[in-house]
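coords-v7.txt follows; it contains compact mmCIF, C-alpha atoms and all ligand atoms.
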```txt
# COMPACT_ATOMS: atom_id res chain seq x y z
CA MET A 277 33.09 39.60 41.97
CA ALA A 278 35.96 39.44 39.49
CA GLY A 279 37.86 36.18 39.23
CA LEU A 280 38.71 33.62 36.61
CA SER A 281 36.06 32.75 34.08
CA PHE A 282 35.71 30.45 31.09
CA SER A 283 32.98 31.04 28.56
CA ASP A 284 32.21 28.29 26.02
CA VAL A 285 35.91 27.30 25.80
CA SER A 286 36.80 24.48 23.41
CA LYS A 287 40.12 22.96 22.34
CA LEU A 288 40.73 20.31 19.69
CA PHE A 289 44.02 18.37 19.33
CA ALA A 290 44.35 16.48 16.04
CA GLY A 291 40.77 15.19 16.18
CA THR A 292 40.62 14.81 20.01
CA ARG A 293 38.15 17.18 21.64
CA ALA A 294 40.21 17.93 24.78
CA LEU A 295 37.77 20.65 25.94
CA ASP A 296 34.18 20.86 24.79
CA GLY A 297 32.31 24.06 25.68
CA ILE A 298 33.63 24.79 29.19
CA ASP A 299 31.59 27.38 31.11
CA ALA A 300 32.73 28.15 34.65
CA THR A 301 33.42 31.09 36.94
CA ILE A 302 35.86 30.94 39.83
CA ALA A 303 35.44 33.75 42.34
CA LYS A 304 38.42 35.81 43.46
CA GLY A 305 40.04 34.03 46.41
CA GLU A 306 38.25 30.76 45.75
CA PHE A 307 40.07 27.39 45.88
CA VAL A 308 38.75 25.22 43.04
CA ALA A 309 39.83 21.68 42.20
CA LEU A 310 39.54 20.17 38.71
CA LEU A 311 38.85 16.48 39.25
CA GLY A 312 38.41 13.76 36.66
CA PRO A 313 39.84 10.61 35.11
CA SER A 314 42.95 10.60 32.95
CA GLY A 315 42.43 12.40 29.63
CA CYS A 316 39.31 14.35 30.69
CA GLY A 317 40.91 17.73 29.91
CA LYS A 318 42.07 18.99 33.33
CA THR A 319 45.63 19.82 32.28
CA THR A 320 44.48 21.39 29.03
CA LEU A 321 42.18 23.76 30.96
CA LEU A 322 45.08 24.67 33.27
CA ARG A 323 47.48 25.21 30.35
CA LEU A 324 44.92 27.42 28.59
CA THR A 325 44.68 29.53 31.75
CA ALA A 326 48.46 29.80 31.97
CA GLY A 327 48.66 30.76 28.27
CA PHE A 328 50.60 27.66 27.12
CA GLU A 329 47.69 26.73 24.84
CA ILE A 330 45.29 28.88 22.79
CA PRO A 331 41.58 27.96 22.82
CA ASP A 332 39.97 27.20 19.44
CA SER A 333 36.89 29.08 20.59
CA GLY A 334 35.51 30.75 23.69
CA THR A 335 36.94 33.30 26.11
CA VAL A 336 39.16 33.11 29.21
CA THR A 337 38.93 36.16 31.51
CA LEU A 338 40.86 37.03 34.68
CA ASP A 339 39.69 39.90 36.92
CA GLY A 340 37.79 41.38 33.97
CA GLN A 341 40.75 41.19 31.54
CA VAL A 342 40.35 38.94 28.47
CA LEU A 343 43.38 36.60 28.48
CA ALA A 344 42.35 34.64 25.40
CA GLY A 345 39.47 34.86 22.94
CA ALA A 346 37.69 37.53 20.89
CA GLY A 347 40.90 38.15 18.89
CA ARG A 348 43.00 38.74 22.01
CA PHE A 349 45.80 36.68 23.51
CA VAL A 350 47.88 37.73 26.51
CA ALA A 351 51.31 36.01 26.56
CA PRO A 352 52.02 33.74 29.56
CA GLU A 353 54.69 36.08 30.97
CA ASP A 354 52.22 38.99 30.96
CA ARG A 355 49.44 37.18 32.84
CA ASN A 356 50.98 37.25 36.32
CA ILE A 357 49.71 33.77 37.07
CA GLY A 358 51.78 31.49 39.33
CA ILE A 359 52.20 27.81 38.47
CA VAL A 360 53.27 24.90 40.66
CA PHE A 361 54.07 21.69 38.79
CA GLN A 362 54.35 18.10 39.92
CA SER A 363 58.11 18.25 39.25
CA TYR A 364 59.36 21.08 41.41
CA ALA A 365 61.57 22.67 38.71
CA LEU A 366 63.96 24.27 41.23
CA TRP A 367 67.42 25.63 40.33
CA PRO A 368 69.80 23.04 41.87
CA HIS A 369 72.73 25.47 42.30
CA LYS A 370 70.67 28.15 44.10
CA THR A 371 69.72 28.06 47.78
CA VAL A 372 66.09 27.95 48.90
CA ALA A 373 66.13 31.76 49.34
CA GLY A 374 67.88 32.12 45.96
CA ASN A 375 65.20 30.08 44.22
CA VAL A 376 62.41 32.08 45.82
CA SER A 377 64.14 35.38 45.06
CA TYR A 378 64.69 34.58 41.38
CA PRO A 379 61.34 35.83 39.95
CA LEU A 380 61.93 39.16 41.72
CA GLU A 381 65.46 39.45 40.30
CA VAL A 382 64.07 38.90 36.80
CA ARG A 383 61.65 41.77 37.44
CA ARG A 384 64.52 43.95 38.72
CA ILE A 385 62.89 44.52 42.12
CA PRO A 386 65.34 46.44 44.41
CA ALA A 387 67.37 44.25 46.82
CA ALA A 388 65.80 45.50 50.09
CA GLU A 389 62.24 44.83 48.89
CA ARG A 390 63.37 41.50 47.47
CA ARG A 391 64.72 40.42 50.86
CA ARG A 392 61.50 41.47 52.59
CA ARG A 393 59.24 39.62 50.14
CA VAL A 394 61.39 36.47 50.13
CA ALA A 395 61.37 36.40 53.97
CA GLU A 396 57.57 36.78 53.90
CA ALA A 397 57.08 33.95 51.36
CA LEU A 398 59.43 31.65 53.30
CA GLU A 399 57.55 32.43 56.51
CA LEU A 400 54.17 31.69 54.87
CA THR A 401 55.37 28.32 53.64
CA GLY A 402 57.19 27.39 56.87
CA LEU A 403 60.63 27.44 55.25
CA SER A 404 62.40 30.26 57.13
CA ALA A 405 64.79 27.87 58.89
CA LEU A 406 65.81 26.25 55.59
CA ALA A 407 66.57 29.45 53.63
CA ASP A 408 70.26 28.64 53.08
CA ARG A 409 69.90 24.99 52.09
CA ALA A 410 70.29 23.67 48.55
CA PRO A 411 67.29 21.83 47.00
CA ALA A 412 69.25 18.55 47.15
CA GLN A 413 69.25 18.85 50.97
CA LEU A 414 65.42 18.98 51.16
CA SER A 415 62.64 16.39 51.31
CA GLY A 416 60.05 16.17 48.52
CA GLY A 417 57.46 18.04 50.60
CA GLN A 418 59.95 20.80 51.43
CA ARG A 419 60.90 21.14 47.75
CA GLN A 420 57.25 21.49 46.82
CA ARG A 421 56.91 24.23 49.44
CA VAL A 422 59.88 26.06 47.87
CA ALA A 423 58.08 25.87 44.52
CA LEU A 424 54.96 27.29 46.20
CA ALA A 425 56.96 30.10 47.87
CA ARG A 426 58.65 30.96 44.56
CA CYS A 427 55.26 31.18 42.87
CA LEU A 428 53.82 33.36 45.65
CA VAL A 429 56.63 35.82 45.96
CA ALA A 430 55.58 37.39 42.65
CA ASP A 431 52.14 38.15 44.15
CA PRO A 432 50.26 36.38 41.34
CA ARG A 433 46.63 37.11 40.42
CA ALA A 434 45.92 33.37 40.45
CA VAL A 435 47.85 30.20 41.32
CA LEU A 436 47.59 27.09 39.17
CA LEU A 437 48.66 23.76 40.67
CA ASP A 438 49.11 20.72 38.44
CA GLU A 439 48.99 17.55 40.59
CA PRO A 440 51.51 19.14 42.99
CA LEU A 441 51.45 16.23 45.44
CA ALA A 442 51.58 13.36 42.96
CA ASN A 443 55.27 12.63 43.64
CA LEU A 444 54.93 12.47 47.43
CA ASP A 445 54.20 9.47 49.63
CA LEU A 446 50.84 9.14 51.40
CA ALA A 447 51.81 10.56 54.82
CA LEU A 448 53.53 13.53 53.28
CA ARG A 449 50.58 14.17 50.96
CA ALA A 450 48.28 14.51 53.97
CA ALA A 451 50.67 16.95 55.67
CA MET A 452 51.06 18.97 52.45
CA GLN A 453 47.28 19.10 51.97
CA GLU A 454 47.10 20.84 55.33
CA ALA A 455 49.94 23.14 54.30
CA PHE A 456 48.08 24.11 51.09
CA ALA A 457 44.82 24.72 52.96
CA ALA A 458 46.57 26.88 55.59
CA PHE A 459 48.42 28.72 52.87
CA HIS A 460 45.17 29.44 51.04
CA ARG A 461 43.53 30.74 54.24
CA ARG A 462 46.45 33.08 54.90
CA THR A 463 46.92 34.47 51.39
CA GLY A 464 43.36 34.42 50.03
CA ALA A 465 44.82 33.60 46.59
CA THR A 466 42.56 32.34 43.78
CA MET A 467 43.67 28.76 43.27
CA LEU A 468 42.97 26.22 40.54
CA TYR A 469 44.17 22.77 41.52
CA VAL A 470 44.31 19.80 39.14
CA THR A 471 44.10 16.32 40.61
CA HIS A 472 42.71 12.90 39.85
CA ASP A 473 42.70 12.11 43.59
CA GLN A 474 39.17 12.72 44.85
CA THR A 475 40.14 12.63 48.54
CA GLU A 476 42.52 15.50 47.88
CA ALA A 477 39.96 17.48 45.87
CA LEU A 478 37.17 17.01 48.42
CA ALA A 479 39.47 17.82 51.35
CA LEU A 480 41.01 20.98 49.92
CA ALA A 481 38.65 22.79 47.60
CA ASP A 482 35.81 25.24 48.24
CA ARG A 483 34.26 23.85 45.05
CA VAL A 484 35.17 20.98 42.73
CA ALA A 485 34.61 20.82 38.97
CA VAL A 486 34.17 17.16 38.02
CA MET A 487 35.26 16.73 34.40
CA GLU A 488 34.74 13.97 31.89
CA GLY A 489 35.29 13.89 28.12
CA GLY A 490 36.29 17.58 27.94
CA ARG A 491 33.15 18.76 29.76
CA ILE A 492 32.32 19.80 33.30
CA ARG A 493 29.71 17.34 34.57
CA GLN A 494 29.11 19.13 37.90
CA PHE A 495 30.70 22.14 39.57
CA ALA A 496 29.71 22.27 43.23
CA SER A 497 30.87 22.11 46.85
CA PRO A 498 32.37 18.78 48.02
CA GLU A 499 29.24 18.15 50.16
CA ALA A 500 26.88 18.73 47.21
CA LEU A 501 28.90 16.43 44.94
CA TYR A 502 28.76 13.67 47.53
CA ASP A 503 25.13 14.18 48.66
CA ARG A 504 23.46 15.33 45.46
CA PRO A 505 25.32 14.16 42.32
CA VAL A 506 23.64 15.25 39.07
CA ASP A 507 24.35 12.18 36.95
CA CYS A 508 25.61 8.60 37.01
CA PHE A 509 29.18 9.60 36.21
CA VAL A 510 29.53 11.99 39.18
CA ALA A 511 27.63 9.63 41.50
CA GLY A 512 30.01 6.80 40.60
CA PHE A 513 33.24 8.82 40.41
CA VAL A 514 32.93 10.81 43.64
CA GLY A 515 32.75 8.96 46.94
CA ASP A 516 31.99 5.33 47.60
CA GLY A 517 28.65 3.55 47.17
CA ALA A 518 26.29 2.24 44.54
CA VAL A 519 24.41 3.75 41.61
CA ILE A 520 21.37 1.77 40.56
CA ALA A 521 18.68 2.22 37.91
CA LEU A 522 15.14 2.74 39.22
CA ALA A 523 12.33 0.35 38.32
CA GLY A 524 9.86 3.23 38.74
CA ALA A 525 9.26 6.53 40.52
CA GLY A 526 6.31 8.53 41.81
CA ALA A 527 5.92 12.30 41.49
CA PRO A 528 8.54 14.28 43.45
CA HIS A 529 7.09 16.49 46.17
CA ALA A 530 8.93 18.92 48.45
CA GLY A 531 12.33 17.34 47.82
CA ARG A 532 11.15 13.77 48.45
CA VAL A 533 10.04 11.02 46.08
CA ALA A 534 8.86 7.42 46.38
CA VAL A 535 10.92 5.17 44.09
CA ARG A 536 10.99 1.46 43.27
CA ALA A 537 14.38 -0.18 43.57
CA LEU A 538 15.89 -3.32 45.15
CA GLY A 539 12.40 -4.84 45.00
CA GLN A 540 11.15 -2.24 47.51
CA GLU A 541 9.21 0.98 47.69
CA ILE A 542 11.83 3.44 49.02
CA GLU A 543 11.61 7.09 50.06
CA ALA A 544 14.45 9.14 48.60
CA ARG A 545 15.63 12.74 48.52
CA CYS A 546 15.45 14.42 45.10
CA ASP A 547 15.66 17.82 43.39
CA GLY A 548 12.26 17.88 41.71
CA ALA A 549 12.99 16.25 38.34
CA ALA A 550 11.44 12.80 37.75
CA PRO A 551 14.37 10.54 38.77
CA THR A 552 15.92 7.65 36.84
CA HIS A 553 18.66 6.51 39.27
CA LEU A 554 19.47 6.14 42.94
CA CYS A 555 22.82 6.92 44.57
CA ILE A 556 23.29 4.94 47.79
CA ARG A 557 26.22 5.91 50.04
CA PRO A 558 27.48 3.29 52.52
CA GLU A 559 26.33 5.29 55.56
CA GLN A 560 22.74 5.26 54.22
CA LEU A 561 22.61 1.46 54.53
CA ARG A 562 22.20 -0.15 57.93
CA ILE A 563 22.66 -3.80 58.80
CA ASP A 564 19.26 -4.46 60.30
CA PRO A 565 17.83 -7.95 61.00
CA ALA A 566 14.34 -6.49 60.49
CA GLY A 567 15.32 -4.58 57.31
CA PRO A 568 13.48 -5.24 54.04
CA ILE A 569 16.54 -5.67 51.75
CA ARG A 570 18.14 -9.11 51.50
CA ALA A 571 21.80 -9.26 50.43
CA ARG A 572 24.78 -11.60 50.46
CA VAL A 573 28.31 -10.48 51.38
CA SER A 574 30.71 -10.85 48.44
CA ALA A 575 33.72 -9.00 49.93
CA CYS A 576 34.81 -7.62 53.30
CA THR A 577 37.85 -5.37 53.75
CA TYR A 578 39.16 -3.66 56.88
CA GLN A 579 39.29 0.12 56.61
CA GLY A 580 40.66 1.10 60.01
CA GLY A 581 37.94 1.22 62.66
CA ARG A 582 35.34 -0.36 60.39
CA PHE A 583 34.80 -2.90 57.64
CA ARG A 584 33.69 -2.20 54.09
CA LEU A 585 31.21 -4.75 52.80
CA VAL A 586 30.32 -5.37 49.16
CA LEU A 587 26.86 -6.92 49.06
CA GLU A 588 24.96 -8.58 46.23
CA THR A 589 21.19 -8.24 46.02
CA GLU A 590 19.06 -9.65 43.24
CA GLY A 591 20.61 -7.73 40.36
CA ASP A 592 22.40 -4.89 42.19
CA THR A 593 25.66 -4.47 44.09
CA LEU A 594 25.70 -2.34 47.26
CA VAL A 595 28.42 -1.06 49.59
CA ALA A 596 27.90 -0.80 53.36
CA HIS A 597 30.01 -0.24 56.47
CA ALA A 598 30.00 -2.67 59.39
CA PRO A 599 31.56 -2.48 62.86
CA ALA A 600 32.55 -6.17 62.78
CA ARG A 601 34.05 -8.49 60.16
CA ALA A 602 31.50 -10.34 58.01
CA ARG A 603 31.98 -13.70 56.32
CA VAL A 604 31.96 -13.86 52.52
CA GLY A 605 28.78 -15.71 51.54
CA GLU A 606 26.92 -14.58 54.68
CA ASP A 607 23.29 -13.47 54.19
CA MET A 608 22.24 -10.15 55.70
CA ARG A 609 19.25 -7.87 55.89
CA LEU A 610 19.59 -4.15 55.36
CA SER A 611 17.51 -1.01 55.73
CA LEU A 612 18.05 2.05 53.59
CA HIS A 613 17.83 5.65 54.83
CA SER A 614 17.40 8.75 52.67
CA PRO A 615 19.33 7.86 49.49
CA TRP A 616 19.53 10.41 46.67
CA ALA A 617 17.38 9.97 43.56
CA PHE A 618 18.44 11.88 40.45
CA ARG A 619 17.64 12.13 36.78
CA ASP A 620 20.57 11.09 34.61
CA PRO A 621 20.35 13.09 31.36
CA ALA A 622 21.96 10.23 29.39
CA SER A 623 19.83 7.43 30.83
CA PRO A 624 17.83 5.42 28.23
CA ALA A 625 14.52 6.48 29.85
CA VAL A 626 15.37 10.19 29.50
CA LEU A 627 16.74 9.73 25.97
CA ARG A 628 13.49 7.93 24.95
CA MET A 629 11.39 10.75 26.37
CA LEU A 630 13.46 13.38 24.52
CA GLN A 631 13.11 11.44 21.26
CA ASP A 632 9.32 11.18 21.72
CA ALA A 633 8.96 14.89 22.53
N1 LIG A 701 49.46 18.32 22.71
C1 LIG A 701 48.52 17.40 22.51
N2 LIG A 701 48.39 16.79 21.33
C2 LIG A 701 47.43 15.86 21.10
N3 LIG A 701 46.51 15.49 22.03
C3 LIG A 701 46.59 16.06 23.25
C4 LIG A 701 47.60 17.03 23.56
N4 LIG A 701 47.41 17.43 24.86
C5 LIG A 701 46.36 16.71 25.33
N5 LIG A 701 45.87 15.90 24.36
C6 LIG A 701 44.69 15.02 24.50
O1 LIG A 701 43.62 15.78 25.01
C7 LIG A 701 42.88 15.05 25.98
C8 LIG A 701 42.89 15.78 27.32
O2 LIG A 701 44.23 15.77 27.82
P1 LIG A 701 44.62 16.40 29.24
O3 LIG A 701 46.11 16.28 29.39
O4 LIG A 701 44.04 17.75 29.38
O5 LIG A 701 43.90 15.39 30.25
P2 LIG A 701 44.05 15.25 31.84
O6 LIG A 701 42.67 15.21 32.36
O7 LIG A 701 44.95 16.30 32.37
O8 LIG A 701 44.73 13.82 31.97
P3 LIG A 701 45.82 13.28 33.05
O9 LIG A 701 45.11 13.19 34.35
O10 LIG A 701 46.19 11.95 32.48
O11 LIG A 701 46.96 14.26 33.04
C9 LIG A 701 43.52 13.67 26.04
O12 LIG A 701 42.80 12.82 25.19
C10 LIG A 701 44.92 13.90 25.50
O13 LIG A 701 45.43 12.74 24.89
```
Translate the structure described by the file into structure tokens.
Amino acid sequence: MAGLSFSDVSKLFAGTRALDGIDATIAKGEFVALLGPSGCGKTTLLRLTAGFEIPDSGTVTLDGQVLAGAGRFVAPEDRNIGIVFQSYALWPHKTVAGNVSYPLEVRRIPAAERRRRVAEALELTGLSALADRAPAQLSGGQRQRVALARCLVADPRAVLLDEPLANLDLALRAAMQEAFAAFHRRTGATMLYVTHDQTEALALADRVAVMEGGRIRQFASPEALYDRPVDCFVAGFVGDGAVIALAGAGAPHAGRVAVRALGQEIEARCDGAAPTHLCIRPEQLRIDPAGPIRARVSACTYQGGRFRLVLETEGDTLVAHAPARARVGEDMRLSLHSPWAFRDPASPAVLRMLQDA
């Protein structure tokens, strides 16, 4: 299926490798989030797609057309890609309808068709009742919806969103996340969404590309990132919990493996490669007076309906959920259920093996 694809794309800025060999394909109609810490290359990848930057090497293709690479470069205005920025960039002197209509006026679309398409875009974004207002008379969330409607009206081949909710308060962000998801369901647009907010990425996207240091560490569904991270960075960056080094591991068999960690023999899920680390999510730990793991509570915070406990064992820190408040310093016993064991490619054990090979 045609869509947006990146093949071995790299970009260097004055000695900084902003993108380092990006390979990824986004299917037509897919909603993909780019997630990662500040400086990992998310915005650069988005700007390359929009045509505001030129890759040093590699190829960017949209629906089979090479946008950049192999001696070709399609100018931003010829890509038909919609962009929604964090700052809404609306014309202050135009009404909501005037702002949304503007891209069609630039393209000299006849007035009757313009009116029809503007009405449709306003309807899709829930703005029909506000068509005659000026941007100054709107809330932040409404302004962002105008920006989305203005981007959509041009019927773009793909929509790029650069931290579109970063300026909004928490409650509004949640409402706008729902608006984006509903919008995606109704239009089926291919969407690439940059964020450093993992809750947003996991809630909205069909798949999430977790980036670090100009590379994609893992590109998978939100469930796979949470349940089966491929390395220590993804395990630690996505979701809550603990990542601990294994003291030893048996041979994996049928997706299970016996590992040594926390002074115990533990059965874990795995993908077949000899594991080096264990990812333990809070819901995999149970407070259990008969459990084999001894730990001491070092922090307890209320999370609405439950408490989040940070627990120290001999050498490792764990995170668990509890229905009742625990006292800092309190000793507890825990049992562990089906954690995920994985092989971190950068772990010293793997590096030693590669050197010896
Ligand atoms: N025009 C530029 N000139 C020099 N360095 C740049 C330029 N644009 C980006 N960089 C560098 O490239 C790297 C990637 O930047 P990028 O903006 O893509 O990161 P990001 O993941 O979007 O970060 P943030 O979440 O903070 O926006 C960073 O180290 C950044 O300093």
Kindly indicate which residue among A:Glu590, A:Asp408, A:Glu476, A:Glu329 lies nearest to ligand LIG 701 (chain A), using all atoms listed in the file for the distances.
->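 So, comparing all the options, the nearest one is A:Glu329.
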Taking 6 positions as the minimum chain separation for residues in the same chain, which residues sit within 10 Å of Leu288 of chain A when counting all atoms listed in the file? Answer as a PDB file with C-alpha atoms, in the frame of the given file.
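Resulting contents of out.pdb:
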```pdb
ATOM      1  CA  ALA A 294      40.210  17.930  24.780  1.00  0.00           C
ATOM      2  CA  LEU A 295      37.770  20.650  25.940  1.00  0.00           C
ATOM      3  CA  ASP A 296      34.180  20.860  24.790  1.00  0.00           C
ATOM      4  CA  PRO A 331      41.580  27.960  22.820  1.00  0.00           C
ATOM      5  CA  ASP A 332      39.970  27.200  19.440  1.00  0.00           C
ATOM      6  CA  SER A 333      36.890  29.080  20.590  1.00  0.00           C
ATOM      7  CA  GLY A 490      36.290  17.580  27.940  1.00  0.00           C
TER       8      GLY A 490
END
```
note - atom CA of Gln560 of chain A and atom CA of Arg545 of chain A are separated by 11.8 Å
Could you check which of A:Pro568, A:Gly489, A:Pro528, A:Gly327 is closest to ligand LIG 701 (chain A), using all atoms listed in the file?
->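 Under the stated criterion, the closest residue is A:Gly489.
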Contact check, chain A to ligand LIG 701 (chain A), at most 10 Å, counting all atoms listed in the file, closest pairs as CSV:
```
residue,atom,partner,partner_atom,distance
A:Lys287,CA,A:LIG701,O1,8.4
A:Leu288,CA,A:LIG701,O1,7.6
A:Phe289,CA,A:LIG701,C2,4.6
A:Ala290,CA,A:LIG701,C2,6.0
A:Gly291,CA,A:LIG701,N3,8.2
A:Thr292,CA,A:LIG701,O1,5.9
A:Arg293,CA,A:LIG701,O1,6.6
A:Ala294,CA,A:LIG701,O1,4.0
A:Leu295,CA,A:LIG701,C8,7.2
A:Leu310,CA,A:LIG701,O6,8.6
A:Leu311,CA,A:LIG701,O6,8.0
A:Gly312,CA,A:LIG701,O6,6.2
A:Pro313,CA,A:LIG701,O9,5.9
A:Ser314,CA,A:LIG701,O10,3.5
A:Gly315,CA,A:LIG701,O5,3.4
A:Cys316,CA,A:LIG701,O6,3.8
A:Gly317,CA,A:LIG701,O4,3.2
A:Lys318,CA,A:LIG701,O6,3.9
A:Thr319,CA,A:LIG701,O7,3.6
A:Thr320,CA,A:LIG701,O4,3.7
A:Leu321,CA,A:LIG701,O4,6.5
A:Leu322,CA,A:LIG701,O4,8.0
A:Arg323,CA,A:LIG701,O4,8.3
A:Leu324,CA,A:LIG701,O4,9.7
A:Glu329,CA,A:LIG701,N1,8.9
A:Asp438,CA,A:LIG701,O7,8.6
A:Glu439,CA,A:LIG701,O11,8.5
A:Val470,CA,A:LIG701,O7,7.6
A:Thr471,CA,A:LIG701,O9,7.1
A:His472,CA,A:LIG701,O9,6.0
A:Asp473,CA,A:LIG701,O9,9.6
A:Met487,CA,A:LIG701,O6,7.8
A:Glu488,CA,A:LIG701,O6,8.0
A:Gly489,CA,A:LIG701,C8,7.9
A:Gly490,CA,A:LIG701,C8,6.9
```
